[in-house]
Amino acid sequence: MSDFARLQNILHKVSVILLVTLPLIGVLTAMALSWKRIFFPQDLVLLLVIHTIACMGITIGYHRMLTHQGFLAPVWLRFLFLACGAMAFEGTPAQWAATHIKHHAHSDEEGDPHSPLEGFWHAHIGWLFARTNFPEVRAYAPYLLQDPVIVFVSRTTFLWMGLSLLIPFLLGGWTGFVWAGLVRVFCTTHITWSVNSVCHTFGTREFETTDASRNHWLIGLLAYGEGWRNNHHAFPRNAFHGMRWWQLDLSGMLIRFCEGLGLITQVQRVTPEAADAQRVRALHSSGKIDLLRMQLQHSAEAAQAEIERIFQTSIATVEDSSLHARMQEYLERLAEIRRSVSSPLHVKRPRLESYAQQIQTLLEQARAMAQQAATVCR
Ligand SMILES: [Zn+2]
Ligand SMILES: [Zn+2]
């Protein structure tokens, strides 16, 4: 690694540490001030307003408009949505979109920048620390760099971030800065990160997708519609993530409002018939996956018993510690597979199928070892 790349890595890590810690310090300061009864309701109103502007900038601008092309908007409105998104402290629009495209391309498999299969903490914050999780925009989504609006907002992202801190200071003084600046960044970022962590771990699945995405009502509410993650992964271009009347999707409502005013066009939708057809397929498919899981549990259990028997009858008496260690390794691997199969995260058929193959291989290796031990004894 060159010195320049090393320096870039260090700078990246420092900026993530600041992004995680400074808003947290803001939250603690706000709590201390409130404890001393230094609290102004208008700061809370300011927080809600700026959070809503930044959060909608992400959900409508960065996500549904830019990344998934869920609708078309004139230049001034595109600029407005993206500049609002830049206030969320989640990076430039070009980088955000490239990272999210990568997430959809590799959801919950190798290459996904923030899959909870690598741990909940990794999906929430941990992934931010590795620069390798942020793809090169030029390589991943070069067309983004051909759009002058995206390029302009990407180059001036720091300006919008700064403005989102300066405005609360000008309107509310230091307490305004703490509440609507720092506490607001804390709320906006953690809510977005929860979409990656919570909505790929907890919640319900209505559609069969090749990832672990889930619908979670609380994140649906807090993240202005983005918590209906399974709906979104099933129909990525659909501009409306809430697909049932009770799935509140504030971003979708604003999109519908803008469409009604004639401000945006070609809004992508899924017909109720197409959604229903997909639901039926999902039911069918999830039944099959449950069966596959059950079969895997049985065969892993049987393989465990068989390997233990082989160990007792052929290996335990042989004085060769490497054979003992290898047997132990096989048993541990089988236990790991059983844990994995029963985990609610595992929905991917290819991964489950690869486990069946691994169980077979482990059994064959154990049998071969027993034969080897028998020849040593002779
Ligand atoms: Zn996702
Ligand atoms: Zn998406």
# chains A, B, ... in the order shown; residues from 1 in each chain; ligands from 1
>>> residues_near_ligand(ligand="ligand 1", cutoff="10 Å", atoms="only C-alpha atoms and all ligand atoms", output="PyMOL selection string")
chain A and resi 100-101+103-104+106-108+112+114-115+195-197+199-200+211-214+226-230+232-233+236
>>> select_by_dssp(residues="range 281-341 of chain A", states="alpha helix (DSSP H)", output="ChimeraX atom specification")
/A:281-310,321-341
>>> atom_distance(atom1="CA of Tyr143 in chain A", atom2="CA of Ala98 in chain A")
10.3 Å
>>> residues_around(residues="Val20 in chain A", least_positions_apart="6", cutoff="9 Å", atoms="only C-alpha atoms", output="short mmCIF file (atom, residue, chain, number, x, y, z; two decimals) with N, CA and C atoms, in the first residue's frame")
data_model
loop_
_atom_site.label_atom_id
_atom_site.label_comp_id
_atom_site.auth_asym_id
_atom_site.auth_seq_id
_atom_site.Cartn_x
_atom_site.Cartn_y
_atom_site.Cartn_z
N ILE A 125 -22.71 0.28 12.14
CA ILE A 125 -21.67 1.30 12.10
C ILE A 125 -20.33 0.76 11.60
N PHE A 186 -27.12 12.96 14.97
CA PHE A 186 -27.18 11.65 15.66
C PHE A 186 -28.44 10.90 15.23
N THR A 189 -28.45 10.00 11.22
CA THR A 189 -27.53 8.93 10.81
C THR A 189 -27.94 7.58 11.42
#
>>> closest_residue(among="A:Leu128, A:Ile60, A:Ala335, A:Val198", to="ligand 2", atoms="only C-alpha atoms and all ligand atoms")
A:Ile60
>>> atom_distance(atom1="CA of Arg256 in chain A", atom2="CA of Ala83 in chain A")
20.6 Å
>>> closest_residue(among="A:Val27, A:Ile17, A:Met65, A:Leu22", to="ligand 2", atoms="only C-alpha atoms and all ligand atoms")
A:Met65
>>> select_by_dssp(residues="range 137-348 of chain A", states="strand (DSSP E or B)", output="list in words")
Thr204, Asn215, Trp228 and Thr265 of chain A
>>> write_last_selection(atoms="C-alpha atoms", output="PDB file, in the first residue's frame")
ATOM      1  CA  THR A 204     -41.333  -9.743   8.642  1.00  0.00           C
ATOM      2  CA  ASN A 215     -40.216  -4.997   6.888  1.00  0.00           C
ATOM      3  CA  TRP A 228     -40.399  -1.443   4.526  1.00  0.00           C
ATOM      4  CA  THR A 265     -43.209  12.498 -13.769  1.00  0.00           C
TER       5      THR A 265
END
>>> atom_distance(atom1="CA of Ser2 in chain A", atom2="CA of Phe134 in chain A")
18.5 Å
>>> closest_residue(among="A:Pro272, A:Gly176, A:Pro168, A:Gly225", to="ligand 2", atoms="only C-alpha atoms and all ligand atoms")
A:Gly225
>>> closest_residue(among="A:Val16, A:Leu33, A:Leu77, A:Leu24", to="Cys258 in chain A", atoms="only C-alpha atoms")
A:Leu77
>>> closest_residue(among="A:Asn9, A:Ser154, A:Ser322, A:Thr59", to="ligand 2", atoms="only C-alpha atoms and all ligand atoms")
A:Thr59
